[in-house]
>>> print(open('protein.txt').read())   # compact mmCIF, C-alpha atoms and all ligand atoms
# COMPACT_ATOMS: atom_id res chain seq x y z
CA MET A 1 -20.52 -20.64 -22.24
CA THR A 2 -21.71 -23.02 -19.54
CA THR A 3 -24.04 -21.62 -16.93
CA PRO A 4 -24.56 -24.29 -14.30
CA PRO A 5 -27.43 -23.37 -11.99
CA SER A 6 -25.55 -23.65 -8.74
CA VAL A 7 -21.81 -23.37 -8.78
CA PRO A 8 -20.00 -21.86 -5.85
CA ARG A 9 -19.37 -18.17 -5.89
CA ILE A 10 -16.52 -16.72 -3.85
CA MET A 11 -17.23 -18.32 -0.49
CA VAL A 12 -17.16 -22.09 -0.52
CA PRO A 13 -17.61 -24.52 2.36
CA ASP A 14 -14.41 -25.19 4.26
CA PRO A 15 -12.37 -22.78 2.15
CA ALA A 16 -9.23 -22.48 4.29
CA GLY A 17 -6.07 -23.12 2.35
CA VAL A 18 -7.68 -23.68 -1.05
CA SER A 19 -5.02 -25.43 -3.11
CA TYR A 20 -4.72 -25.02 -6.86
CA GLU A 21 -5.92 -28.60 -7.28
CA ARG A 22 -9.04 -27.96 -5.23
CA HIS A 23 -9.58 -24.61 -6.92
CA LEU A 24 -9.68 -26.35 -10.31
CA ALA A 25 -11.97 -29.04 -8.93
CA LEU A 26 -14.36 -26.38 -7.59
CA TYR A 27 -14.45 -24.01 -10.53
CA GLY A 28 -12.76 -25.74 -13.46
CA PRO A 29 -10.08 -24.13 -15.61
CA VAL A 30 -10.43 -20.62 -16.98
CA PRO A 31 -11.86 -20.98 -20.50
CA ARG A 32 -9.87 -19.59 -23.39
CA THR A 33 -11.95 -16.55 -24.35
CA ARG A 34 -10.83 -13.75 -26.65
CA PRO A 35 -10.19 -10.57 -24.66
CA ASP A 36 -12.81 -8.62 -26.66
CA ALA A 37 -15.41 -11.29 -26.01
CA LEU A 38 -14.62 -11.31 -22.30
CA LEU A 39 -14.89 -7.54 -22.13
CA ARG A 40 -18.37 -7.80 -23.70
CA GLU A 41 -19.28 -10.46 -21.17
CA VAL A 42 -18.12 -8.23 -18.30
CA ALA A 43 -20.22 -5.36 -19.69
CA GLU A 44 -23.28 -7.62 -19.95
CA SER A 45 -22.72 -8.92 -16.44
CA GLY A 46 -23.08 -5.41 -15.01
CA LEU A 47 -20.11 -6.01 -12.69
CA ARG A 48 -19.34 -2.92 -10.63
CA GLY A 49 -16.14 -2.38 -8.64
CA ARG A 50 -16.45 -3.59 -5.06
CA GLY A 51 -13.81 -1.26 -3.59
CA GLY A 52 -16.27 1.45 -2.60
CA GLY A 53 -16.93 3.45 -5.77
CA TRP A 54 -19.12 0.81 -7.45
CA PHE A 55 -17.98 2.06 -10.86
CA PRO A 56 -18.80 -0.18 -13.87
CA THR A 57 -15.80 -2.47 -14.32
CA ALA A 58 -16.18 -2.84 -18.09
CA THR A 59 -16.13 0.95 -18.57
CA LYS A 60 -12.88 1.21 -16.65
CA MET A 61 -11.35 -1.69 -18.56
CA ARG A 62 -12.35 -0.21 -21.91
CA ALA A 63 -10.77 3.14 -20.98
CA VAL A 64 -7.46 1.48 -20.04
CA LYS A 65 -7.46 -0.66 -23.17
CA ASP A 66 -8.26 2.30 -25.44
CA ASN A 67 -5.69 4.53 -23.76
CA GLY A 68 -3.09 1.81 -24.26
CA GLY A 69 -3.74 1.92 -27.99
CA ARG A 70 -3.91 5.71 -28.15
CA PHE A 71 -0.82 6.65 -26.12
CA LEU A 72 1.44 3.77 -27.15
CA HIS A 73 2.10 3.08 -23.46
CA ARG A 74 1.34 -0.55 -22.70
CA PRO A 75 -1.20 -0.78 -19.88
CA PHE A 76 -0.47 -2.00 -16.38
CA THR A 77 -2.81 -4.06 -14.20
CA LEU A 78 -2.84 -3.43 -10.47
CA ALA A 79 -4.82 -5.50 -7.97
CA ASN A 80 -5.62 -3.58 -4.83
CA ALA A 81 -5.59 -5.92 -1.83
CA MET A 82 -4.54 -3.19 0.59
CA GLU A 83 -7.45 -3.46 3.03
CA GLY A 84 -7.43 0.29 3.53
CA GLU A 85 -10.47 0.36 5.83
CA PRO A 86 -10.00 -0.54 9.49
CA VAL A 87 -12.42 -3.25 10.70
CA ILE A 88 -13.04 -4.59 7.16
CA THR A 89 -11.37 -7.96 6.56
CA THR A 90 -12.40 -8.78 2.99
CA ASP A 91 -8.96 -8.60 1.35
CA ALA A 92 -7.42 -10.71 4.10
CA TRP A 93 -10.18 -13.27 3.68
CA LEU A 94 -9.78 -13.41 -0.09
CA MET A 95 -5.99 -13.76 0.03
CA THR A 96 -6.29 -16.56 2.56
CA ASN A 97 -9.25 -18.42 1.16
CA ALA A 98 -9.54 -17.56 -2.53
CA PRO A 99 -5.99 -16.73 -3.69
CA HIS A 100 -6.38 -18.61 -6.96
CA LEU A 101 -9.58 -16.75 -7.88
CA LEU A 102 -7.63 -13.53 -7.33
CA LEU A 103 -4.71 -14.73 -9.48
CA ASP A 104 -7.15 -15.82 -12.21
CA GLY A 105 -8.79 -12.41 -12.07
CA VAL A 106 -5.48 -10.56 -12.40
CA ALA A 107 -4.50 -12.68 -15.42
CA LEU A 108 -7.89 -12.13 -17.08
CA ALA A 109 -7.91 -8.38 -16.46
CA THR A 110 -4.36 -8.19 -17.82
CA ALA A 111 -5.45 -9.95 -21.00
CA VAL A 112 -8.58 -7.81 -21.44
CA VAL A 113 -6.75 -4.47 -21.29
CA GLY A 114 -3.64 -5.69 -23.12
CA ALA A 115 -1.35 -5.05 -20.17
CA THR A 116 2.27 -6.15 -20.23
CA GLU A 117 2.78 -6.10 -16.46
CA SER A 118 0.71 -6.73 -13.40
CA ALA A 119 1.09 -6.45 -9.64
CA ILE A 120 -0.86 -7.17 -6.48
CA ALA A 121 -0.53 -4.53 -3.75
CA VAL A 122 -0.77 -5.62 -0.11
CA HIS A 123 -0.07 -4.04 3.25
CA GLU A 124 3.48 -4.21 4.49
CA GLY A 125 3.88 -7.24 6.73
CA SER A 126 0.49 -8.64 5.76
CA PRO A 127 0.39 -12.23 7.03
CA GLN A 128 -2.01 -13.07 4.21
CA ALA A 129 0.63 -12.25 1.59
CA GLN A 130 2.19 -15.62 2.36
CA SER A 131 -1.03 -17.31 1.15
CA LEU A 132 -0.65 -15.51 -2.15
CA LEU A 133 2.99 -16.52 -2.45
CA THR A 134 2.06 -20.14 -1.74
CA ALA A 135 -0.70 -19.97 -4.35
CA MET A 136 1.72 -18.50 -6.90
CA SER A 137 4.14 -21.35 -6.28
CA GLU A 138 1.37 -23.81 -7.21
CA ARG A 139 0.60 -22.23 -10.59
CA PRO A 140 1.89 -23.79 -13.82
CA ASP A 141 5.53 -22.98 -14.62
CA ASP A 142 4.69 -21.22 -17.89
CA GLU A 143 2.16 -18.81 -16.33
CA GLU A 144 3.08 -15.14 -16.08
CA LEU A 145 2.47 -14.09 -12.51
CA PRO A 146 1.92 -10.65 -10.99
CA THR A 147 4.57 -9.07 -8.79
CA LEU A 148 3.61 -8.91 -5.14
CA LEU A 149 4.28 -5.44 -3.74
CA GLU A 150 4.03 -4.26 -0.15
CA PHE A 151 3.11 -0.74 0.88
CA PRO A 152 2.64 0.95 4.24
CA GLY A 153 -0.76 0.11 5.63
CA ARG A 154 -2.17 3.61 5.63
CA TYR A 155 -5.75 4.70 4.92
CA VAL A 156 -5.12 6.69 1.73
CA ALA A 157 -2.24 4.54 0.45
CA SER A 158 -4.89 2.31 -1.13
CA GLU A 159 -6.51 5.21 -3.03
CA GLU A 160 -5.95 4.24 -6.67
CA SER A 161 -3.84 7.22 -7.77
CA ALA A 162 -1.72 6.93 -4.60
CA LEU A 163 -1.19 3.28 -5.27
CA ALA A 164 -0.22 3.84 -8.92
CA ARG A 165 2.29 6.46 -7.89
CA ALA A 166 3.74 4.25 -5.14
CA VAL A 167 4.16 1.32 -7.56
CA ALA A 168 6.34 3.58 -9.70
CA GLY A 169 8.52 4.32 -6.67
CA GLY A 170 6.92 7.55 -5.46
CA ALA A 171 5.26 8.34 -2.15
CA GLY A 172 1.87 6.70 -1.66
CA ARG A 173 -0.11 9.93 -1.79
CA PRO A 174 -3.16 10.62 -3.96
CA VAL A 175 -2.50 12.54 -7.17
CA HIS A 176 -5.07 15.29 -7.57
CA GLY A 177 -6.91 15.39 -10.91
CA VAL A 178 -5.11 12.42 -12.47
CA ARG A 179 -6.87 9.12 -12.92
CA PRO A 180 -4.79 5.95 -13.30
CA HIS A 181 -6.82 4.72 -16.30
CA ASN A 182 -5.33 7.73 -18.16
CA HIS A 183 -2.02 8.21 -16.43
CA GLY A 184 -1.05 5.56 -13.91
CA VAL A 185 2.10 3.62 -13.11
CA SER A 186 5.00 5.52 -14.76
CA GLY A 187 2.49 7.29 -17.01
CA ARG A 188 1.02 4.03 -18.30
CA PRO A 189 -2.76 3.52 -18.47
CA THR A 190 -3.37 1.46 -15.35
CA LEU A 191 -6.31 -0.71 -14.42
CA VAL A 192 -6.73 -0.63 -10.65
CA ASN A 193 -9.29 -3.11 -9.40
CA ASN A 194 -9.85 -4.25 -5.88
CA ALA A 195 -9.32 -7.90 -5.00
CA GLU A 196 -12.99 -8.83 -4.76
CA THR A 197 -13.79 -7.32 -8.16
CA LEU A 198 -11.07 -9.48 -9.72
CA CYS A 199 -12.41 -12.61 -8.00
CA GLN A 200 -15.85 -11.82 -9.44
CA LEU A 201 -14.23 -11.39 -12.87
CA ALA A 202 -12.71 -14.87 -12.58
CA LEU A 203 -16.22 -16.27 -12.03
CA ILE A 204 -17.79 -14.31 -14.89
CA ALA A 205 -15.09 -15.60 -17.27
CA ARG A 206 -16.06 -19.16 -16.36
CA PHE A 207 -19.81 -19.03 -15.96
CA GLY A 208 -20.92 -15.99 -17.93
CA ALA A 209 -22.92 -12.80 -17.54
CA ALA A 210 -26.34 -14.45 -17.29
CA TRP A 211 -25.18 -16.68 -14.45
CA PHE A 212 -23.60 -13.71 -12.68
CA ARG A 213 -26.79 -11.67 -13.00
CA SER A 214 -28.97 -14.52 -11.76
CA VAL A 215 -28.55 -13.17 -8.24
CA GLY A 216 -28.23 -9.65 -6.95
CA ASP A 217 -29.75 -6.28 -7.66
CA PRO A 218 -30.65 -5.37 -11.28
CA ASP A 219 -28.46 -2.25 -10.98
CA ALA A 220 -25.67 -4.03 -9.10
CA PRO A 221 -25.79 -7.72 -10.00
CA GLY A 222 -23.99 -10.59 -8.33
CA THR A 223 -22.87 -11.14 -4.79
CA VAL A 224 -20.82 -8.93 -2.50
CA MET A 225 -18.54 -9.58 0.46
CA VAL A 226 -19.57 -7.89 3.70
CA SER A 227 -17.70 -7.53 6.98
CA ILE A 228 -20.47 -7.79 9.58
CA GLU A 229 -19.03 -6.75 12.90
CA GLY A 230 -19.89 -5.37 16.32
CA ALA A 231 -22.99 -6.43 18.23
CA VAL A 232 -23.76 -9.66 16.35
CA ALA A 233 -23.36 -13.23 17.57
CA SER A 234 -21.01 -14.36 14.76
CA PRO A 235 -19.05 -11.40 13.46
CA GLY A 236 -16.96 -11.99 10.38
CA GLU A 237 -16.85 -12.09 6.63
CA TYR A 238 -19.92 -13.03 4.60
CA GLU A 239 -20.93 -13.19 0.94
CA VAL A 240 -24.50 -12.12 0.18
CA PRO A 241 -26.46 -11.27 -2.95
CA VAL A 242 -26.35 -7.52 -3.56
CA GLY A 243 -29.82 -6.36 -2.54
CA ALA A 244 -30.25 -8.75 0.38
CA ARG A 245 -32.08 -7.01 3.23
CA VAL A 246 -29.93 -5.73 6.07
CA SER A 247 -32.10 -7.82 8.40
CA GLU A 248 -30.95 -10.89 6.44
CA LEU A 249 -27.30 -9.88 6.85
CA ILE A 250 -27.83 -9.63 10.60
CA ARG A 251 -29.57 -13.00 10.62
CA ILE A 252 -26.71 -14.79 8.86
CA ALA A 253 -24.28 -13.19 11.30
CA GLY A 254 -26.14 -14.96 14.11
CA GLY A 255 -28.50 -12.14 15.08
CA VAL A 256 -27.82 -9.21 17.37
CA THR A 257 -26.26 -9.34 20.79
CA GLY A 258 -27.58 -6.84 23.31
CA ASP A 259 -29.82 -4.16 21.93
CA PRO A 260 -27.94 -2.24 19.23
CA THR A 261 -29.90 0.69 17.86
CA THR A 262 -27.28 2.29 15.60
CA ALA A 263 -24.94 1.14 12.84
CA LEU A 264 -21.92 2.34 10.88
CA THR A 265 -22.27 1.51 7.20
CA GLY A 266 -19.61 1.48 4.49
CA GLY A 267 -16.51 2.16 6.54
CA PHE A 268 -14.79 5.04 8.33
CA GLY A 269 -15.75 7.29 5.42
CA GLY A 270 -19.31 5.93 5.43
CA ALA A 271 -22.32 6.95 7.48
CA TRP A 272 -23.83 6.35 10.90
CA THR A 273 -27.48 5.46 10.84
CA GLU A 274 -30.31 4.27 13.06
CA LEU A 275 -30.52 0.51 12.73
CA SER A 276 -34.30 0.80 12.32
CA THR A 277 -33.74 3.03 9.25
CA ILE A 278 -31.81 0.36 7.33
CA HIS A 279 -33.22 -2.84 8.85
CA ASP A 280 -35.53 -3.56 5.90
CA VAL A 281 -33.44 -1.80 3.25
CA ALA A 282 -31.54 -3.64 0.51
CA TRP A 283 -27.75 -3.93 0.95
CA ALA A 284 -27.15 -2.21 -2.40
CA PRO A 285 -25.42 1.09 -3.22
CA GLU A 286 -28.38 3.17 -4.34
CA ALA A 287 -30.89 1.74 -1.85
CA LEU A 288 -28.62 2.47 1.10
CA ARG A 289 -27.76 5.93 -0.16
CA SER A 290 -31.46 6.74 -0.49
CA VAL A 291 -31.79 6.44 3.30
CA GLY A 292 -28.54 8.20 4.12
CA ALA A 293 -26.42 5.07 4.56
CA GLU A 294 -23.47 3.82 2.48
CA ILE A 295 -22.39 0.43 1.15
CA GLY A 296 -18.83 1.72 0.62
CA ALA A 297 -16.19 -0.95 0.93
CA GLY A 298 -18.60 -3.31 2.70
CA LEU A 299 -18.75 -2.70 6.44
CA LEU A 300 -21.86 -3.24 8.54
CA TRP A 301 -20.94 -2.41 12.14
CA LEU A 302 -23.65 -2.72 14.77
CA GLN A 303 -22.96 -0.38 17.65
CA GLY A 304 -23.29 -1.76 21.17
CA ASP A 305 -26.04 -0.01 23.12
CA ASP A 306 -23.70 0.92 25.96
CA ASP A 307 -21.00 2.49 23.76
CA CYS A 308 -20.65 6.26 23.82
CA GLY A 309 -21.10 7.73 20.33
CA VAL A 310 -19.04 10.81 21.15
CA SER A 311 -16.11 8.67 22.22
CA GLU A 312 -16.36 6.61 19.02
CA MET A 313 -16.44 9.72 16.83
CA SER A 314 -13.56 11.33 18.73
CA ARG A 315 -11.33 8.28 18.27
CA MET A 316 -12.28 7.98 14.59
CA ALA A 317 -11.66 11.69 13.97
CA ALA A 318 -8.20 11.46 15.56
CA TYR A 319 -7.34 8.39 13.49
CA LEU A 320 -8.52 9.92 10.20
CA ALA A 321 -6.67 13.17 10.88
CA GLY A 322 -3.51 11.14 11.36
CA GLU A 323 -4.04 9.47 7.99
CA SER A 324 -3.85 12.73 6.01
CA ALA A 325 -1.23 12.50 3.29
CA GLY A 326 -0.15 16.01 4.20
CA GLN A 327 -0.54 17.71 0.85
CA CYS A 328 -3.88 19.59 0.98
CA GLY A 329 -4.28 22.39 3.49
CA VAL A 330 -7.94 21.68 4.13
CA CYS A 331 -7.09 18.09 4.99
CA VAL A 332 -4.01 18.77 7.12
CA PHE A 333 -5.49 21.67 9.08
CA GLY A 334 -9.19 20.87 8.74
CA LEU A 335 -9.07 17.27 9.94
CA SER A 336 -6.66 18.06 12.77
CA THR A 337 -8.92 20.90 13.95
CA ILE A 338 -11.93 18.61 13.75
CA ALA A 339 -10.09 15.93 15.72
CA ASP A 340 -9.16 18.50 18.39
CA GLU A 341 -12.76 19.72 18.66
CA PHE A 342 -14.11 16.19 19.01
CA GLY A 343 -11.40 15.44 21.56
CA ARG A 344 -12.59 18.39 23.63
CA LEU A 345 -16.21 17.27 23.29
CA ALA A 346 -15.30 13.74 24.39
CA ASP A 347 -13.49 15.01 27.50
CA VAL A 348 -16.32 15.62 29.96
CA ALA A 349 -13.89 17.25 32.40
CA ALA A 350 -13.07 19.96 29.86
CA ALA A 351 -15.44 22.66 28.73
CA GLY A 352 -16.57 21.12 25.45
CA PRO A 353 -16.76 23.25 22.31
CA PRO A 354 -20.22 24.53 21.44
CA ARG A 355 -21.94 22.36 18.87
CA ALA A 356 -22.14 25.35 16.49
CA ARG A 357 -18.34 25.51 16.45
CA ILE A 358 -18.08 21.82 15.44
CA ASP A 359 -20.76 22.24 12.77
CA SER A 360 -18.99 25.23 11.23
CA VAL A 361 -15.60 23.46 11.11
CA LEU A 362 -17.19 20.42 9.49
CA ALA A 363 -18.93 22.61 6.91
CA GLU A 364 -15.65 24.16 5.75
CA VAL A 365 -13.98 20.94 4.65
CA PRO A 366 -16.01 19.13 1.95
CA ARG A 367 -15.03 19.15 -1.75
CA ARG A 368 -11.73 20.90 -1.10
CA GLY A 369 -9.34 17.96 -0.69
CA GLY A 370 -7.37 16.12 -3.31
CA CYS A 371 -9.07 12.82 -2.48
CA ALA A 372 -12.17 11.55 -0.72
CA LEU A 373 -10.63 11.26 2.77
CA PRO A 374 -11.85 14.60 4.17
CA ASP A 375 -15.31 14.33 2.59
CA GLY A 376 -15.76 10.81 3.93
CA ALA A 377 -14.60 11.84 7.41
CA VAL A 378 -17.02 14.77 7.47
CA ARG A 379 -19.94 12.63 6.27
CA MET A 380 -19.26 10.03 8.95
CA LEU A 381 -19.00 12.69 11.68
CA GLN A 382 -22.02 14.72 10.54
CA THR A 383 -24.21 11.63 10.46
CA GLY A 384 -22.78 10.61 13.84
CA LEU A 385 -23.66 13.97 15.38
CA GLU A 386 -27.28 13.39 14.37
CA ILE A 387 -27.45 9.74 15.38
CA PHE A 388 -25.71 10.28 18.71
CA ALA A 389 -27.48 13.55 19.49
CA ALA A 390 -28.28 12.45 23.05
CA ASP A 391 -24.63 11.53 23.73
CA VAL A 392 -23.52 14.85 22.23
CA ALA A 393 -25.95 16.84 24.36
CA ALA A 394 -24.83 15.00 27.49
CA HIS A 395 -21.17 15.72 26.76
CA GLU A 396 -21.96 19.38 26.11
CA SER A 397 -23.39 19.54 29.60
CA GLY A 398 -20.36 17.85 31.12
CA HIS A 399 -21.32 14.21 31.58
CA CYS A 400 -21.40 10.95 29.62
CA LEU A 401 -24.50 8.74 29.38
CA THR A 402 -22.55 5.46 29.30
CA GLY A 403 -19.03 6.07 30.55
CA SER A 404 -17.84 3.61 27.91
CA PRO A 405 -14.95 4.47 25.61
CA GLY A 406 -16.66 2.54 22.80
CA SER A 407 -15.91 -0.81 21.21
CA LEU A 408 -15.14 0.06 17.58
CA PRO A 409 -11.56 -1.16 16.97
CA VAL A 410 -10.08 2.16 15.87
CA PRO A 411 -6.35 2.01 15.11
CA PRO A 412 -4.21 4.37 17.19
CA PRO A 413 -3.77 7.78 15.57
CA MET A 414 -0.47 8.69 13.90
CA PRO A 415 1.03 12.13 14.33
CA TYR A 416 -0.30 14.06 11.38
CA PRO A 417 0.41 14.48 8.54
CA VAL A 418 1.71 11.08 7.55
CA ILE A 419 4.43 10.75 4.93
CA MET A 420 4.22 7.43 3.17
CA PRO A 421 7.38 5.92 1.73
CA GLY A 422 7.34 3.76 -1.37
CA LYS A 423 7.25 0.08 -2.02
CA ALA A 424 8.98 -3.10 -0.96
CA PHE A 425 9.13 -6.16 -3.19
CA ARG A 426 8.56 -9.76 -2.24
S1 LIG B 1 -7.22 15.31 0.92
FE1 LIG B 1 -5.73 14.68 2.47
S2 LIG B 1 -5.31 12.54 2.09
FE2 LIG B 1 -6.36 13.37 0.27
S3 LIG B 1 -4.74 14.03 -1.10
FE3 LIG B 1 -5.19 15.81 0.14
S4 LIG B 1 -3.80 15.67 1.93
FE4 LIG B 1 -3.81 13.69 0.92
>>> encode(input="protein.txt", output="structure tokens")
Amino acid sequence: MTTPPSVPRIMVPDPAGVSYERHLALYGPVPRTRPDALLREVAESGLRGRGGGWFPTATKMRAVKDNGGRFLHRPFTLANAMEGEPVITTDAWLMTNAPHLLLDGVALATAVVGATESAIAVHEGSPQAQSLLTAMSERPDDEELPTLLEFPGRYVASEESALARAVAGGAGRPVHGVRPHNHGVSGRPTLVNNAETLCQLALIARFGAAWFRSVGDPDAPGTVMVSIEGAVASPGEYEVPVGARVSELIRIAGGVTGDPTTALTGGFGGAWTELSTIHDVAWAPEALRSVGAEIGAGLLWLQGDDDCGVSEMSRMAAYLAGESAGQCGVCVFGLSTIADEFGRLADVAAAGPPRARIDSVLAEVPRRGGCALPDGAVRMLQTGLEIFAADVAAHESGHCLTGSPGSLPVPPPMPYPVIMPGKAFR
């Protein structure tokens, strides 16, 4: 296997509208490698899923492949390009700028697990889906292509068991206790990988494990896409080696604007942190977790210094409550109660709830839902209560330190709980 010292990874100069011709010129064709050999290469590369869980990709692939042989159900490959997290733009960027890497990755994953069908899941009405369709039209006539499926753009619709159920025509709600690698689309072992993971797979197939591991963290090799947003000069999508210092991420995003002192890491189910706590920490799963931050699905949001933390948390709590799939009591009633309490705290004209009341409601929710939504919401809010302690204290005494509603682009809340209908084909 060739391992050129410096070939492009996912982000290339001037990537917009990468045609199939240019894609081949940049990366070369996918080598013909036996599926078993590629699976070994993926294991040696140490690739971990970039969707938030950072689970070893080869382990997941092996489980799907083995279950396919054991249960006589042919596996299914499902690429998750649903962009479930607000503010994060990685899937949109990949579909627009690296559609052929994604298609290569789907084809390779399908071969590795012995799947007979594959699909790419995107948000309903996603403008980037057109880029994928254009890329598909450029592929050779004899290539088997994935089906492009559209699903409602809801927070938990991209959870892997919800997605597998929705592909089979059911509602896009998480399935408690069932993992798609055992029992996925129509009972078939299903490999669900997020779009970035599949793009990384397409590179490993070409350039090998040693090349992949030549950058990154020993425990999480390679590069990772990061949405760096908020109080930076050039917000947007970046690719960095896993393990790059957070200060380096801020530098490549043009440096800070204003004087941000706090950050949201991972996503809406991530963690608020003091910027000084993570400034010199590696952007890697375990390193961030060791200081109470999260890499999650790859959001680094720098909070403007004049934004009110209580207002941000209140808007996020209302949004997350509205994203409940409506099937676990603790989620339906717990998150809506939490959202109401934060709404009262944010309203300085109302008598805010005592902090002890908020703490006790938050403590009742974790580890009781059918998916990670409630636990992530509670972690984000508990860390926020600590980080924004001064804002919280001010609101408890009936005034706001900044008067700003906050700048985090939180989608408007839906009436909860949300019922998610099934799929639409393109
Ligand atoms: S915890 Fe909430 S979002 Fe998750 S499965 Fe239960 S109701 Fe659905």
>>> closest_atom_pairs(input="protein.txt", of="chain A", to="ligand LIG 1 (chain B)", cutoff="10 Å", atoms="all atoms listed in the file", output="JSON lines")
{"residue": "A:Tyr155", "atom": "CA", "partner": "B:LIG1", "partner_atom": "S2", "distance": 8.3}
{"residue": "A:Val156", "atom": "CA", "partner": "B:LIG1", "partner_atom": "S2", "distance": 5.9}
{"residue": "A:Ala157", "atom": "CA", "partner": "B:LIG1", "partner_atom": "S2", "distance": 8.7}
{"residue": "A:Glu159", "atom": "CA", "partner": "B:LIG1", "partner_atom": "FE2", "distance": 8.8}
{"residue": "A:Ser161", "atom": "CA", "partner": "B:LIG1", "partner_atom": "S3", "distance": 9.6}
{"residue": "A:Ala162", "atom": "CA", "partner": "B:LIG1", "partner_atom": "S3", "distance": 8.5}
{"residue": "A:Gly172", "atom": "CA", "partner": "B:LIG1", "partner_atom": "FE4", "distance": 9.4}
{"residue": "A:Arg173", "atom": "CA", "partner": "B:LIG1", "partner_atom": "FE4", "distance": 5.9}
{"residue": "A:Pro174", "atom": "CA", "partner": "B:LIG1", "partner_atom": "S3", "distance": 4.7}
{"residue": "A:Val175", "atom": "CA", "partner": "B:LIG1", "partner_atom": "S3", "distance": 6.6}
{"residue": "A:His176", "atom": "CA", "partner": "B:LIG1", "partner_atom": "S3", "distance": 6.6}
{"residue": "A:Leu320", "atom": "CA", "partner": "B:LIG1", "partner_atom": "S2", "distance": 9.1}
{"residue": "A:Ala321", "atom": "CA", "partner": "B:LIG1", "partner_atom": "FE1", "distance": 8.6}
{"residue": "A:Gly322", "atom": "CA", "partner": "B:LIG1", "partner_atom": "S2", "distance": 9.5}
{"residue": "A:Glu323", "atom": "CA", "partner": "B:LIG1", "partner_atom": "S2", "distance": 6.8}
{"residue": "A:Ser324", "atom": "CA", "partner": "B:LIG1", "partner_atom": "S2", "distance": 4.2}
{"residue": "A:Ala325", "atom": "CA", "partner": "B:LIG1", "partner_atom": "FE4", "distance": 3.7}
{"residue": "A:Gly326", "atom": "CA", "partner": "B:LIG1", "partner_atom": "S4", "distance": 4.3}
{"residue": "A:Gln327", "atom": "CA", "partner": "B:LIG1", "partner_atom": "S4", "distance": 4.0}
{"residue": "A:Cys328", "atom": "CA", "partner": "B:LIG1", "partner_atom": "S4", "distance": 4.0}
{"residue": "A:Gly329", "atom": "CA", "partner": "B:LIG1", "partner_atom": "S4", "distance": 6.9}
{"residue": "A:Val330", "atom": "CA", "partner": "B:LIG1", "partner_atom": "S1", "distance": 7.2}
{"residue": "A:Cys331", "atom": "CA", "partner": "B:LIG1", "partner_atom": "FE1", "distance": 4.5}
{"residue": "A:Val332", "atom": "CA", "partner": "B:LIG1", "partner_atom": "S4", "distance": 6.0}
{"residue": "A:Phe333", "atom": "CA", "partner": "B:LIG1", "partner_atom": "S4", "distance": 9.5}
{"residue": "A:Gly334", "atom": "CA", "partner": "B:LIG1", "partner_atom": "FE1", "distance": 9.5}
{"residue": "A:Leu335", "atom": "CA", "partner": "B:LIG1", "partner_atom": "FE1", "distance": 8.6}
{"residue": "A:Val365", "atom": "CA", "partner": "B:LIG1", "partner_atom": "S1", "distance": 9.6}
{"residue": "A:Pro366", "atom": "CA", "partner": "B:LIG1", "partner_atom": "S1", "distance": 9.6}
{"residue": "A:Arg367", "atom": "CA", "partner": "B:LIG1", "partner_atom": "S1", "distance": 9.1}
{"residue": "A:Arg368", "atom": "CA", "partner": "B:LIG1", "partner_atom": "S1", "distance": 7.5}
{"residue": "A:Gly369", "atom": "CA", "partner": "B:LIG1", "partner_atom": "S1", "distance": 3.8}
{"residue": "A:Gly370", "atom": "CA", "partner": "B:LIG1", "partner_atom": "S3", "distance": 4.0}
{"residue": "A:Cys371", "atom": "CA", "partner": "B:LIG1", "partner_atom": "FE2", "distance": 3.9}
{"residue": "A:Ala372", "atom": "CA", "partner": "B:LIG1", "partner_atom": "FE2", "distance": 6.2}
{"residue": "A:Leu373", "atom": "CA", "partner": "B:LIG1", "partner_atom": "FE2", "distance": 5.4}
{"residue": "A:Pro374", "atom": "CA", "partner": "B:LIG1", "partner_atom": "S1", "distance": 5.7}
{"residue": "A:Asp375", "atom": "CA", "partner": "B:LIG1", "partner_atom": "S1", "distance": 8.3}
{"residue": "A:Pro417", "atom": "CA", "partner": "B:LIG1", "partner_atom": "S4", "distance": 7.9}
{"residue": "A:Val418", "atom": "CA", "partner": "B:LIG1", "partner_atom": "S2", "distance": 9.0}
{"residue": "A:Ile419", "atom": "CA", "partner": "B:LIG1", "partner_atom": "FE4", "distance": 9.6}
>>> closest_atom_pairs(input="protein.txt", of="range 21-57 of chain A", to="range 76-89 of chain A", cutoff="12 Å", atoms="only C-alpha atoms", output="Markdown table")
| residue | atom | partner | partner_atom | distance |
| --- | --- | --- | --- | --- |
| A:Gly49 | CA | A:Asn80 | CA | 11.3 |
| A:Arg50 | CA | A:Asn80 | CA | 10.8 |
| A:Gly51 | CA | A:Asn80 | CA | 8.6 |
| A:Gly52 | CA | A:Glu85 | CA | 10.3 |
>>> closest_residue(input="protein.txt", among="A:Pro189, A:Pro405, A:Pro127, A:Gly28", to="Arg70 in chain A", atoms="all atoms listed in the file")
A:Pro189
>>> residues_around(input="protein.txt", residues="range 265-272 of chain A", least_positions_apart="2", cutoff="8 Å", atoms="all atoms listed in the file", output="ChimeraX atom specification")
/A:52,85-88,262-263,274,292-301,316,373,375-381,383-384,387
>>> closest_residue(input="protein.txt", among="A:Gln130, A:Ser45, A:Asn193, A:Thr33", to="Lys60 in chain A", atoms="only C-alpha atoms")
A:Asn193
>>> atom_distance(input="protein.txt", atom1="CA of Leu198 in chain A", atom2="CA of Phe151 in chain A")
19.7 Å
>>> closest_residue(input="protein.txt", among="A:Gln200, A:Thr261, A:Thr277, A:Ser186", to="Arg48 in chain A", atoms="all atoms listed in the file")
A:Gln200
>>> atom_distance(input="protein.txt", atom1="CA of Ala349 in chain A", atom2="CA of Ser311 in chain A")
13.5 Å
